[in-house]
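Structure first, then comments.
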Amino acid sequence: MRGEPEQVRVQYGEAADNYGVLHLPGGSGPFPVVVMVHGGGWLEEHDLSYFEPLSKSLSDEGVAVWNFEYRRVSGEGGWPVTLADADDATEALATVVQDAAGGRLDLDRVHLAGHSAGGHLAAWIAGRHTLGPDAPGAQPRVHPQSATIMAGVLDMSLAATAGHDQFVRGRLGGSPEDQPDRYLVASPIEHLPVGLPVTAVHGTDDRTVDPAQSTRYVEAARAAGDPAELLMIEGVGHGDFGNPDSSAWRAAKATIIDHVDG
């Protein structure tokens, strides 16, 4: 008999923002897991709350969801803290999050999903195993099986220059010319191939993150041998992915579930 769904707040580190909300379907599991990474320009005023309805809609499909918070640029975050938090939160699936789930998480079926700045972090998590030993996130224990990136910032140098994205400069402490090593570590497009399916979902009417971020990443990933896919949604803007009733989220959710079921 299937029990009641659960939501559990779990602290994965010592900082105030080192926590997440674990959504568990009713039942004994083991459940596949979707790691949800919210966006908001890596800024403190945006938190995981807008991802909670999206997380619940996935949990309703029988998927465990780990919606985590992280230190952002206008708080205690920035380089390299935000990346380290993203890594720590993912690695916590094997420790405190699994404990909170009573061992019901299938850690061989971990999937990533992120939006905007969270899309950047999700794609970075997907490729962190390619980094050198001195970089945050190197040699991970938890290995995701797929990533669904909604309107993500995937080429940090492009965003900071042609994209005129000051959020990226604040995130990395300067321009690509000022901080070339940071851009190399932080930019997902530099970590290819990642060896897992990545689907980039973007709206044609996005005025916040240029759709070229997704098209260029997918082209580069395919050229490197990755099974990357691009899903462009006509008439969808940047914020539409945060609305659980939108066509944007329905398309992204279907992609996430396809990865989980695949």
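We label chains A, B, ... in the order they appear in the structure tokens, count residues from 1 in each chain, and number ligands from 1 in the order shown.
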Members of stretch 24-215 of chain A assigned strand (DSSP E) by DSSP, as a PyMOL selection string: chain A and resi 24+31-37+64-68+105-115+146-150+198-203
Which stretch 176-262 of chain A residues have any atom within 10 Å of an atom of stretch 50-56 of chain A, and for each, what is the nearest pair of atoms with distance in Å to one decimal, counting only C-alpha atoms, rows sorted by chain and number, as a Markdown table?
| residue | atom | partner | partner_atom | distance |
| --- | --- | --- | --- | --- |
| A:Phe241 | CA | A:Leu54 | CA | 9.2 |
| A:Gly242 | CA | A:Tyr50 | CA | 6.5 |
| A:Asn243 | CA | A:Leu54 | CA | 7.8 |
| A:Pro244 | CA | A:Leu54 | CA | 5.7 |
| A:Asp245 | CA | A:Leu54 | CA | 9.3 |
| A:Trp249 | CA | A:Leu54 | CA | 8.0 |
| A:Arg250 | CA | A:Leu54 | CA | 9.9 |
| A:Lys253 | CA | A:Leu54 | CA | 8.5 |
Next, write the just-selected residues to a file, as a PDB file, in the first residue's frame, keeping C-alpha atoms as the atom set.
ATOM      1  CA  PHE A 241       9.682  27.773 -16.678  1.00  0.00           C
ATOM      2  CA  GLY A 242       8.938  28.748 -13.087  1.00  0.00           C
ATOM      3  CA  ASN A 243       5.177  28.450 -13.595  1.00  0.00           C
ATOM      4  CA  PRO A 244       3.942  24.885 -12.925  1.00  0.00           C
ATOM      5  CA  ASP A 245       0.921  25.492 -15.174  1.00  0.00           C
ATOM      6  CA  TRP A 249       7.261  23.553 -17.499  1.00  0.00           C
ATOM      7  CA  ARG A 250       5.102  20.847 -19.054  1.00  0.00           C
ATOM      8  CA  LYS A 253       8.821  18.047 -16.967  1.00  0.00           C
TER       9      LYS A 253
END
Hey, what's within 12 Å of A:Ala221 if we count only C-alpha atoms and toss same-chain stuff fewer than 4 positions away? As JSON, numbers by chain, please? {"A": [123, 127, 154, 155, 188, 189, 190, 191, 192, 193, 194, 195, 196, 197, 198, 199, 200, 214, 215, 216, 217, 225, 226, 227, 228, 229, 230]}
Where does stretch 155-192 of chain A meet stretch 100-117 of chain A within 12 Å, residue by residue, with the nearest atom pair and distance in Å to one decimal for each, counting only C-alpha atoms, listed by chain and rising number, as a tab-separated table?
residue	atom	partner	partner_atom	distance
A:Asp155	CA	A:Ala117	CA	11.4
A:Met156	CA	A:Ala117	CA	10.5
A:Ala159	CA	A:Ala117	CA	11.3
A:Asp165	CA	A:Ala117	CA	11.4
A:Phe167	CA	A:Ala117	CA	9.2
A:Val168	CA	A:Ala117	CA	9.1
A:Arg171	CA	A:Ala117	CA	10.1
A:Ala186	CA	A:Ala117	CA	11.7
A:Ser187	CA	A:Ala117	CA	11.6
A:Pro188	CA	A:Ala117	CA	11.8
Contacts of A:Ala15 at 10 Å or less, counting only C-alpha atoms, minus same-chain residues fewer than 4 places along, as a ChimeraX atom specification? /A:11,19,70-71,76,85
Which residues come within 10 Å of A:Pro211, counting only C-alpha atoms, excluding same-chain residues fewer than 3 positions away, as a tab-separated table (two decimals) with C-alpha atoms, in the first residue's frame?
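Result saved to out_25.tsv:
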chain	number	residue	atom	x	y	z
A	151	ALA	CA	17.17	28.45	-20.16
A	152	GLY	CA	20.59	27.83	-18.68
A	153	VAL	CA	23.77	29.91	-18.74
A	200	ALA	CA	18.74	22.04	-23.21
A	201	VAL	CA	15.22	23.50	-23.17
A	202	HIS	CA	14.85	27.17	-24.13
A	203	GLY	CA	12.12	29.59	-25.14
A	204	THR	CA	12.35	31.53	-28.37
A	205	ASP	CA	11.14	34.70	-26.59
A	206	ASP	CA	13.72	34.60	-23.78
A	207	ARG	CA	15.01	38.15	-23.23
A	208	THR	CA	17.06	37.31	-20.12
A	214	SER	CA	21.51	26.45	-25.42
A	215	THR	CA	22.10	26.13	-29.16
A	216	ARG	CA	25.86	26.63	-28.88
A	232	MET	CA	13.26	25.20	-28.47
A	238	HIS	CA	12.53	33.16	-19.48
Pick the closest to A:Gly41 from A:Val73, A:Leu231, A:Val65, A:Val96: which is it, counting only C-alpha atoms?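 So, comparing all the options, the nearest one is A:Val73.
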Can you work out which one of A:Trp79, A:Ala224, A:Ala147, A:Leu48 has the shortest atom-to-atom distance to A:Tyr183, counting only C-alpha atoms?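 Closest candidate: A:Trp79.
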Step one, run DSSP on the backbone; step two, keep only residues of stretch 197-257 of chain A assigned to alpha helix (DSSP H); then write them as a list in words.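 Taking stretch 197-257 of chain A and keeping alpha helix (DSSP H) gives Ala212, Gln213, Ser214, Thr215, Arg216, Tyr217, Val218, Glu219, Ala220, Ala221, Arg222, Ala223, Ser247, Ala248, Trp249, Arg250, Ala251, Ala252, Lys253, Ala254, Thr255, Ile256 and Ile257 of chain A.
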Let me make sure I understand: among A:Ala64, A:Leu22, A:Gly78, A:Asp134, which one has the smallest atom-to-atom distance to A:Trp42 if we use only C-alpha atoms?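 Of all the options, A:Gly78 lies closest to A:Trp42.
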Neighbours of A:Leu24 within 9 Å (only C-alpha atoms; same-chain residues fewer than 5 positions away dropped), as a count of residues only? 15
Could you tell me how far atom CA of A:Ala212 lies from atom CA of A:Leu172, in Å and to one decimal?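 Between atom CA of A:Ala212 and atom CA of A:Leu172 the gap is 20.7 Å.
Compared by their closest atoms to A:Ile257, and using only C-alpha atoms, the residues A:Gly3, A:Gly239, A:Gly170, A:Pro32 rank with A:Pro32 nearest.
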